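With compact mmCIF, C-alpha atoms inside, this is entry.txt:
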```
# COMPACT_ATOMS: atom_id res chain seq x y z
CA MET A 13 -56.95 145.04 78.43
CA THR A 14 -56.97 141.52 79.87
CA ASN A 15 -58.34 140.71 83.29
CA ARG A 16 -54.79 140.47 84.57
CA ASP A 17 -53.83 143.92 83.25
CA PRO A 18 -52.59 146.09 86.19
CA GLU A 19 -54.20 149.24 84.77
CA LYS A 20 -57.62 147.58 84.57
CA ASN A 21 -57.34 146.30 88.13
CA PHE A 22 -56.11 149.59 89.54
CA GLU A 23 -59.02 151.44 87.94
CA ALA A 24 -61.54 148.90 89.21
CA LEU A 25 -60.37 149.19 92.81
CA TRP A 26 -60.06 152.98 92.78
CA LYS A 27 -63.54 153.45 91.28
CA THR A 28 -65.21 151.12 93.79
CA PHE A 29 -63.75 153.08 96.70
CA HIS A 30 -64.66 156.35 94.97
CA ARG A 31 -68.31 155.32 94.81
CA ARG A 32 -68.80 153.28 97.97
CA TYR A 33 -66.34 154.39 100.69
CA PRO A 34 -67.94 156.99 103.03
CA PHE A 35 -65.02 158.13 105.17
CA PHE A 36 -62.38 159.87 103.04
CA GLN A 37 -62.93 163.25 104.68
CA LEU A 38 -63.23 161.78 108.16
CA ARG A 39 -59.96 159.89 107.70
CA ASN A 40 -58.27 162.88 106.08
CA VAL A 41 -57.58 161.20 102.73
CA ASP A 42 -58.02 162.97 99.39
CA TRP A 43 -58.96 160.05 97.15
CA CYS A 44 -58.61 161.99 93.90
CA LYS A 45 -55.13 163.06 95.00
CA GLN A 46 -54.32 159.42 95.71
CA TYR A 47 -55.25 158.66 92.10
CA LYS A 48 -52.91 161.36 90.80
CA ILE A 49 -50.08 160.04 92.97
CA TYR A 50 -50.42 156.33 92.28
CA ARG A 51 -51.94 156.01 88.79
CA PRO A 52 -48.68 157.06 87.05
CA ARG A 53 -46.92 154.19 88.81
CA ILE A 54 -49.16 151.64 87.09
CA SER A 55 -48.11 150.09 83.78
CA SER A 56 -49.26 147.10 81.79
CA ALA A 57 -45.82 145.51 82.15
CA MET A 58 -45.57 145.62 85.95
CA SER A 59 -45.60 142.41 88.01
CA ASP A 60 -48.40 141.27 90.27
CA GLU A 61 -46.12 141.90 93.25
CA ALA A 62 -45.49 145.49 92.16
CA LEU A 63 -49.20 146.13 91.59
CA PHE A 64 -50.05 144.71 95.01
CA GLU A 65 -47.47 147.00 96.63
CA VAL A 66 -48.89 150.11 94.95
CA LEU A 67 -52.47 149.24 95.89
CA CYS A 68 -51.43 148.69 99.51
CA GLU A 69 -49.59 152.03 99.62
CA MET A 70 -52.66 153.80 98.25
CA LEU A 71 -55.02 152.20 100.79
CA ASP A 72 -52.75 152.44 103.82
CA PRO A 73 -53.60 156.04 104.88
CA LEU A 74 -57.25 155.06 105.41
CA ASP A 75 -56.27 153.37 108.70
CA ASP A 76 -59.46 151.28 108.53
CA GLY A 77 -59.53 147.69 109.76
CA HIS A 78 -62.32 146.87 107.32
CA VAL A 79 -60.15 147.82 104.33
CA ASP A 80 -58.08 144.89 103.09
CA ILE A 81 -56.86 143.15 99.97
CA THR A 82 -55.80 139.53 99.49
CA ALA A 83 -53.77 138.18 96.58
CA ARG A 84 -51.89 135.02 95.65
CA LEU A 85 -48.39 136.06 94.63
CA GLY A 86 -45.23 134.49 93.25
CA GLN A 87 -44.69 131.18 91.52
CA ARG A 88 -46.12 129.31 94.50
CA LYS A 89 -49.16 131.63 94.64
CA VAL A 90 -48.67 132.36 98.31
CA LYS A 91 -51.73 133.97 99.87
CA THR A 92 -50.81 137.51 100.91
CA ARG A 93 -53.13 139.81 102.84
CA PHE A 94 -52.87 143.53 103.57
CA THR A 95 -55.07 145.51 105.94
CA ALA A 96 -55.08 149.28 106.34
CA GLU A 97 -55.63 148.96 110.09
CA LYS A 98 -53.00 150.31 112.44
CA GLU A 99 -52.46 148.06 115.43
CA PRO A 100 -54.66 149.03 118.41
CA ARG A 101 -52.96 150.17 121.62
CA PHE A 102 -54.36 147.12 123.45
CA TYR A 103 -52.44 144.81 121.06
CA ARG A 104 -49.30 146.93 121.18
CA GLU A 105 -49.40 146.78 124.97
CA LEU A 106 -50.20 143.08 125.39
CA THR A 107 -49.19 139.99 123.43
CA GLU A 108 -51.68 137.24 122.63
CA MET A 109 -50.41 135.19 125.57
CA GLN A 110 -50.61 138.21 127.88
CA ILE A 111 -54.22 138.83 126.85
CA LYS A 112 -55.06 135.25 127.82
CA ARG A 113 -53.34 135.90 131.16
CA LEU A 114 -55.34 139.11 131.56
CA PHE A 115 -58.64 137.27 131.47
CA LYS A 116 -57.30 134.67 133.91
CA VAL A 117 -56.40 137.55 136.22
CA ALA A 118 -59.89 138.97 135.72
CA ARG A 119 -61.37 135.63 136.78
CA SER A 120 -59.13 135.38 139.84
CA THR A 121 -60.07 138.96 140.80
CA LEU A 122 -63.76 138.07 140.53
CA THR A 123 -63.21 134.90 142.57
CA ALA A 124 -61.45 136.92 145.27
CA ASN A 125 -64.56 139.11 145.43
CA GLY A 126 -67.00 136.30 145.97
CA PHE A 127 -67.87 135.29 142.40
CA GLY A 128 -68.46 131.65 141.60
CA PRO A 129 -67.28 129.70 138.53
CA TYR A 130 -68.61 130.31 135.04
CA ARG A 131 -72.04 128.85 134.45
CA LYS A 132 -72.50 126.96 131.20
CA THR A 133 -75.02 128.29 128.70
CA LYS A 134 -76.16 127.28 125.23
CA ALA A 135 -74.09 130.09 123.64
CA TRP A 136 -70.36 129.33 123.72
CA MET A 137 -69.30 132.98 123.35
CA ILE A 138 -71.18 134.15 126.46
CA ARG A 139 -69.52 133.41 129.79
CA TYR A 140 -71.32 134.23 133.00
CA CYS A 141 -70.76 134.10 136.75
CA ARG A 142 -72.14 135.88 139.80
CA SER A 143 -71.54 136.83 143.40
CA ARG A 144 -74.28 137.39 145.96
CA ASP A 145 -75.16 140.81 144.57
CA CYS A 146 -73.40 141.19 141.23
CA GLY A 147 -73.30 139.46 137.85
CA TYR A 148 -70.44 139.30 135.34
CA MET A 149 -70.80 138.43 131.67
CA ARG A 150 -67.99 138.25 129.14
CA ILE A 151 -68.97 138.34 125.47
CA LEU A 152 -66.17 136.86 123.34
CA GLU A 153 -67.77 137.72 119.99
CA LEU A 154 -71.14 138.24 118.36
CA GLU A 155 -71.40 135.52 115.72
CA GLY A 156 -70.89 131.81 115.26
CA VAL A 157 -73.97 130.69 117.16
CA SER A 158 -77.69 130.62 116.37
CA LYS A 159 -80.03 133.27 117.72
CA LYS A 160 -82.04 130.48 119.36
CA ARG A 161 -79.01 129.45 121.41
CA VAL A 162 -78.24 133.06 122.32
CA SER A 163 -81.83 133.52 123.48
CA MET A 164 -81.67 130.34 125.57
CA ALA A 165 -78.41 131.49 127.16
CA LEU A 166 -79.87 134.88 128.01
CA ASP A 167 -82.99 133.25 129.46
CA LYS A 168 -80.79 131.24 131.81
CA ILE A 169 -78.74 134.27 132.87
CA SER A 170 -81.85 136.41 133.36
CA ARG A 171 -83.16 134.04 136.04
CA ASP A 172 -80.59 135.67 138.31
CA PHE A 173 -81.62 139.24 137.41
CA PRO A 174 -84.11 139.76 140.29
CA ASN A 175 -81.41 138.82 142.83
CA LEU A 176 -78.66 141.08 141.48
CA LYS A 177 -77.95 144.73 142.24
CA GLY A 178 -75.14 145.34 139.76
CA PHE A 179 -73.79 143.87 136.54
CA ILE A 180 -70.46 143.91 134.69
CA ILE A 181 -70.45 143.25 130.92
CA ASP A 182 -66.96 142.68 129.51
CA ILE A 183 -66.44 143.13 125.75
CA ARG A 184 -62.68 143.73 125.78
CA ASP A 185 -60.90 142.03 122.85
CA ASN A 186 -64.19 141.37 121.04
CA PRO A 187 -63.80 141.20 117.21
CA GLY A 188 -67.48 141.93 116.58
CA GLY A 189 -70.12 140.09 114.60
CA GLU A 190 -73.81 140.57 113.93
CA ASP A 191 -75.71 143.72 114.91
CA SER A 192 -78.80 141.59 115.47
CA ILE A 193 -76.99 139.49 118.09
CA ALA A 194 -75.68 142.66 119.74
CA LEU A 195 -79.23 144.00 120.03
CA MET A 196 -80.62 140.66 121.25
CA ILE A 197 -78.24 140.87 124.21
CA GLY A 198 -78.77 144.61 124.71
CA ASN A 199 -82.53 144.17 124.82
CA ARG A 200 -82.22 142.16 128.04
CA PHE A 201 -80.83 145.30 129.72
CA ALA A 202 -83.21 147.88 128.24
CA ASP A 203 -85.53 149.79 130.57
CA ARG A 204 -87.82 150.87 127.72
CA MET A 205 -87.76 151.28 123.97
CA ARG A 206 -84.87 153.57 123.01
CA VAL A 207 -83.03 154.40 119.78
CA ALA A 208 -79.90 152.21 119.63
CA PHE A 209 -78.28 153.68 116.51
CA HIS A 210 -78.91 154.74 112.92
CA ARG A 211 -77.26 153.42 109.74
CA ARG A 212 -77.04 154.34 106.08
CA SER A 213 -75.02 152.93 103.16
CA LYS A 214 -72.86 154.78 100.63
CA ILE A 215 -74.15 154.24 97.09
CA GLY A 216 -72.45 156.90 94.96
CA PRO A 217 -69.48 159.28 94.71
CA GLY A 218 -71.31 162.37 95.95
CA ALA A 219 -71.00 163.51 99.56
CA GLU A 220 -74.70 162.80 100.16
CA ASP A 221 -75.07 159.69 97.99
CA PHE A 222 -76.44 157.42 100.72
CA THR A 223 -79.43 155.17 101.17
CA PRO A 224 -82.18 156.57 103.43
CA LEU A 225 -81.33 156.48 107.11
CA ARG A 226 -82.56 153.41 109.01
CA THR A 227 -83.02 153.31 112.76
CA TRP A 228 -82.53 150.35 115.13
CA GLN A 229 -84.14 150.21 118.55
CA LEU A 230 -83.37 148.70 121.93
CA THR A 231 -86.59 147.03 123.10
CA PRO A 232 -87.09 145.20 126.41
CA GLN A 233 -87.07 141.48 125.66
CA GLY A 234 -87.55 138.37 127.78
CA ASN A 235 -89.56 137.79 130.93
CA VAL A 236 -87.42 140.17 132.96
CA GLN A 237 -84.82 142.83 132.17
CA PHE A 238 -81.85 143.99 134.23
CA THR A 239 -82.07 147.76 134.77
CA CYS A 240 -79.91 148.25 137.85
CA PRO A 241 -76.37 149.73 137.50
CA ILE A 242 -74.27 148.20 134.73
CA ILE A 243 -70.55 148.69 134.01
CA LEU A 244 -69.50 147.99 130.41
CA LEU A 245 -65.77 147.22 130.04
CA THR A 246 -64.17 148.26 126.74
CA CYS A 247 -60.82 148.83 125.05
CA ASP A 248 -59.59 149.88 121.60
CA ALA A 249 -59.55 146.23 120.52
CA VAL A 250 -63.37 146.17 120.41
CA PHE A 251 -64.53 146.14 116.81
CA SER A 252 -67.52 146.33 114.48
CA GLY A 253 -70.63 144.64 115.91
CA ALA A 254 -69.24 144.87 119.44
CA GLU A 255 -68.92 148.62 118.93
CA CYS A 256 -72.57 148.72 117.89
CA PHE A 257 -73.34 146.94 121.17
CA ALA A 258 -71.46 149.69 123.04
CA LEU A 259 -73.15 152.38 120.93
CA ALA A 260 -76.56 150.98 121.88
CA LEU A 261 -75.86 150.39 125.58
CA ARG A 262 -74.50 153.90 126.10
CA GLU A 263 -78.10 155.09 125.54
CA LEU A 264 -79.23 153.33 128.72
CA PRO A 265 -79.12 155.66 131.75
CA HIS A 266 -78.00 152.85 134.07
CA VAL A 267 -74.88 151.98 132.00
CA THR A 268 -71.39 153.36 132.65
CA ILE A 269 -68.64 152.63 130.10
CA LEU A 270 -65.30 151.95 131.78
CA GLY A 271 -61.96 151.47 130.04
CA GLU A 272 -60.94 152.86 126.67
CA HIS A 273 -62.68 154.02 123.50
CA THR A 274 -63.56 151.26 121.04
CA ASN A 275 -61.69 150.88 117.74
CA GLY A 276 -63.92 152.92 115.42
CA ILE A 277 -64.81 150.53 112.55
CA PHE A 278 -68.57 149.97 112.70
CA SER A 279 -69.54 149.03 109.15
CA TYR A 280 -70.05 145.57 107.76
CA GLN A 281 -67.46 144.82 105.07
CA LEU A 282 -68.39 145.19 101.41
CA GLU A 283 -66.56 142.28 99.79
CA LYS A 284 -65.49 142.65 96.16
CA LYS A 285 -63.24 140.91 93.63
CA LEU A 286 -60.88 142.51 91.12
CA PRO A 287 -60.83 141.31 87.49
CA ASN A 288 -57.63 139.37 88.23
CA GLY A 289 -59.32 137.43 91.03
CA TRP A 290 -57.88 139.28 94.02
CA HIS A 291 -60.34 139.83 96.84
CA TYR A 292 -60.72 143.12 98.68
CA SER A 293 -63.14 144.70 101.10
CA LEU A 294 -64.10 148.13 102.40
CA SER A 295 -66.36 149.87 104.87
CA TYR A 296 -69.48 151.18 103.16
CA GLN A 297 -71.92 152.00 105.97
CA GLU A 298 -72.08 155.02 108.25
CA TYR A 299 -73.32 154.36 111.78
CA LEU A 300 -74.69 157.21 113.85
CA SER A 301 -75.54 157.32 117.54
CA ALA A 302 -79.08 158.05 118.72
CA ASP A 303 -78.18 161.75 118.78
CA MET A 304 -76.67 161.55 115.25
CA VAL A 305 -72.97 161.47 116.14
CA CYS A 306 -70.60 159.42 113.96
CA TYR A 307 -67.86 157.71 115.99
CA GLU A 308 -66.11 156.16 113.00
CA GLY A 309 -62.33 156.44 113.35
CA ARG A 310 -62.45 157.38 117.04
CA GLY A 311 -64.66 154.76 118.63
CA VAL A 312 -67.35 154.88 121.29
CA PRO A 313 -65.83 156.89 124.16
CA ALA A 314 -65.52 155.63 127.72
CA ASP A 315 -67.24 157.50 130.53
CA ILE A 316 -64.32 156.62 132.80
CA GLU A 317 -60.94 156.06 131.12
CA LEU A 318 -58.76 153.28 132.48
CA LEU A 319 -56.24 151.13 130.58
CA ASN A 320 -54.92 147.61 130.90
CA THR A 321 -51.10 147.65 131.02
CA LYS A 322 -48.25 145.14 131.24
CA ALA A 323 -47.32 146.52 134.66
CA ASP A 324 -50.76 145.73 136.06
CA LEU A 325 -50.68 142.27 134.52
CA ASP A 326 -47.24 141.56 136.02
CA ALA A 327 -48.68 142.60 139.38
CA GLY A 328 -51.57 140.17 138.90
CA VAL A 329 -54.13 142.97 138.79
CA ASP A 330 -56.98 143.78 136.42
CA PRO A 331 -57.69 147.43 137.27
CA LEU A 332 -60.92 147.51 135.24
CA ILE A 333 -62.53 144.70 137.21
CA ILE A 334 -61.42 146.28 140.49
CA ARG A 335 -62.72 149.71 139.48
CA ALA A 336 -66.02 148.27 138.21
CA LEU A 337 -66.61 146.55 141.55
CA GLU A 338 -65.77 149.77 143.39
CA ILE A 339 -68.26 151.75 141.31
CA LEU A 340 -71.01 149.19 141.82
CA SER A 341 -70.37 149.07 145.56
CA GLN A 342 -70.92 152.83 145.71
CA GLN A 343 -74.25 152.73 143.87
CA ASP A 344 -77.47 153.29 145.79
CA ASN A 345 -79.01 150.08 147.15
CA MET A 346 -75.78 148.14 146.58
CA VAL A 347 -75.13 146.32 149.82
CA SER A 348 -71.89 144.52 149.02
CA VAL A 349 -69.88 142.77 146.34
```

Starting from the coordinates I provided, produce the structure as structure tokens.
Amino acid sequence: MTNRDPEKNFEALWKTFHRRYPFFQLRNVDWCKQYKIYRPRISSAMSDEALFEVLCEMLDPLDDGHVDITARLGQRKVKTRFTAEKEPRFYRELTEMQIKRLFKVARSTLTANGFGPYRKTKAWMIRYCRSRDCGYMRILELEGVSKKRVSMALDKISRDFPNLKGFIIDIRDNPGGEDSIALMIGNRFADRMRVAFHRRSKIGPGAEDFTPLRTWQLTPQGNVQFTCPIILLTCDAVFSGAECFALALRELPHVTILGEHTNGIFSYQLEKKLPNGWHYSLSYQEYLSADMVCYEGRGVPADIELLNTKADLDAGVDPLIIRALEILSQQDNMVSV
């Protein structure tokens, strides 16, 4: 068989998933049955377009945003990408422009409650402002900036910690990034050393073919930590490293998660290439909470469920910001917001 042969490429992809993908049972997919269904549809004479279609159909039931395949198809070799992810509710509810409006509404709601403008920091993806008693930090993503810059940004924000009685951390619409960055930020809010999460990688086809379990810790970092009440805002368009951030912060007794469960794709992506040159990726790591619960496929749950909707946006309201301020105002020692 040549490298372009559809049978060779089908077998290569199926076998990689068979060995390295950990979540067939969790996602209710019988991978051997998928082979029996789709292997007969593969022939050496089929076109690249037909092969791509079959591979996508086979992968689609996984409903995993870290499962994708990219090929160049047709005479013009047009780049074509498929992902097994089903669109999150947050994206079905709000368009890209409406999401931008949402965060403008969030800012105006904060302003109406005494918050000042965003303060510049060394880390572009961290935006911060404060009122007399409360801080607000939005984390856009968790990569694309050096750890040194993140640390400098957090040092600047932490100078306000002694004067604050409540804090809102907003990770809605966060695509994720590096676990190490997530923990760097989380450490500034840790009261003591606590287990953040555990992780292991799939290395074989057997149900227990994993690397040994590794454990990551939240550890107080910086000159001062914020350990007063914190509200973490989430939705189902929070992915990967941002979910690890939520998984870690939920271990802190002073954190309340408000909003919606996260998306449920925690793993880094294992990137591979088929013999014909097509690129594909898959989840290959299992993340477990401190108490050994796997939230893959369902996301980190919210303590208080509350959704962003078009109706609220049309009314110029961000119910999560309003509810977060209400909760903080009710906390002991919280004078006002």

*Extract, using all atoms listed in the file, all DNA, RNA and protein residues at most 9 Å from region 228-243 of chain A, discarding same-chain residues fewer than 2 positions from it, and format them as number ranges by chain.*
A: 163, 166-167, 170-171, 173-174, 176-182, 195-211, 226, 245, 260-261, 264-270, 336-337, 339-340, 343

*For Ile277 (chain A), list every protein, DNA or RNA residue within 10 Å, evaluated using only C-alpha atoms, and leave out those in the same chain fewer than 6 positions away; present the list as a VMD selection string.*
chain A and resid 75 to 79 97 188 250 to 256 295 297 to 299 307 to 311

*A:Ala118, A:Ile111, A:Leu63, A:Cys44: which is nearest Arg150 (chain A), counting all atoms listed in the file?*
A:Ala118

*How many Å lie between CA of Pro34 (chain A) and CA of Leu225 (chain A), rounded to one decimal?*
14.0 Å

*Could you jot down the CA of Asp42 (chain A) to CA of Arg104 (chain A) separation for me, Å, one decimal place?*
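Interatomic distance here is 28.4 Å.
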
*Closest to Ile333 (chain A) among A:Arg212, A:Lys116, A:Arg262, A:Arg161, using all atoms listed in the file?*
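For Ile333 (chain A), the nearest of the candidates is A:Lys116.
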
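Interatomic distance, CA of Val329 (chain A) to CA of Leu122 (chain A): 10.9 Å.
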
_What's around Lys134 (chain A) at 12 Å? Count only C-alpha atoms, leave out sequence neighbours fewer than 4 positions away in its own chain, and write the answer as a ChimeraX atom specification._
/A:138-140,157-169

_Long-range neighbours of Asp326 (chain A) as a list in words, 12 Å cut-off, all atoms listed in the file, 3 positions minimum in chain_ =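 With the cut-off at 12 Å, the set is Leu106, Gln110, Ile111, Arg113, Leu114, Val117, Asn320, Thr321, Lys322, Ala323, Val329 and Asp330 of chain A.
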
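The closest residue to Phe22 (chain A), picked from A:Arg39, A:Glu108, A:Ala62, A:Asp172 and counting all atoms listed in the file, is A:Ala62.
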
*Taking into account only C-alpha atoms, which residue in the set A:Ile215, A:Leu74, A:Ile193, A:Ile334 is nearest to Phe35 (chain A)?*
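Looking at the shortest contact to Phe35 (chain A), the residue is A:Leu74.
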
My structure is short of atoms at region 152-167 of chain A; please model N, CA and C atoms there, returning them as a compact mmCIF listing (two decimals), in the frame of the given file.
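And here is the file that came out, result34.txt:
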```txt
# COMPACT_ATOMS: atom_id res chain seq x y z
N LEU A 152 -67.39 137.06 124.12
CA LEU A 152 -66.17 136.86 123.34
C LEU A 152 -66.31 137.39 121.91
N GLU A 153 -67.46 137.17 121.30
CA GLU A 153 -67.77 137.72 119.99
C GLU A 153 -69.26 137.65 119.76
N LEU A 154 -69.71 138.10 118.59
CA LEU A 154 -71.14 138.24 118.36
C LEU A 154 -71.59 137.51 117.09
N GLU A 155 -70.98 136.36 116.84
CA GLU A 155 -71.40 135.52 115.72
C GLU A 155 -70.94 134.09 115.98
N GLY A 156 -71.32 133.19 115.11
CA GLY A 156 -70.89 131.81 115.26
C GLY A 156 -71.81 130.96 116.11
N VAL A 157 -72.99 131.46 116.39
CA VAL A 157 -73.97 130.69 117.16
C VAL A 157 -75.36 131.16 116.74
N SER A 158 -76.33 130.28 116.81
CA SER A 158 -77.69 130.62 116.37
C SER A 158 -78.34 131.57 117.36
N LYS A 159 -79.28 132.35 116.85
CA LYS A 159 -80.03 133.27 117.72
C LYS A 159 -80.84 132.49 118.76
N LYS A 160 -81.29 131.31 118.40
CA LYS A 160 -82.04 130.48 119.36
C LYS A 160 -81.17 130.15 120.56
N ARG A 161 -79.91 129.79 120.31
CA ARG A 161 -79.01 129.45 121.41
C ARG A 161 -78.67 130.69 122.25
N VAL A 162 -78.50 131.83 121.58
CA VAL A 162 -78.24 133.06 122.32
C VAL A 162 -79.42 133.38 123.23
N SER A 163 -80.63 133.25 122.70
CA SER A 163 -81.83 133.52 123.48
C SER A 163 -81.94 132.59 124.68
N MET A 164 -81.62 131.31 124.48
CA MET A 164 -81.67 130.34 125.57
C MET A 164 -80.63 130.68 126.64
N ALA A 165 -79.45 131.10 126.21
CA ALA A 165 -78.41 131.49 127.16
C ALA A 165 -78.84 132.69 127.98
N LEU A 166 -79.42 133.67 127.33
CA LEU A 166 -79.87 134.88 128.01
C LEU A 166 -81.03 134.59 128.95
N ASP A 167 -81.91 133.66 128.57
CA ASP A 167 -82.99 133.25 129.46
C ASP A 167 -82.44 132.68 130.75
```
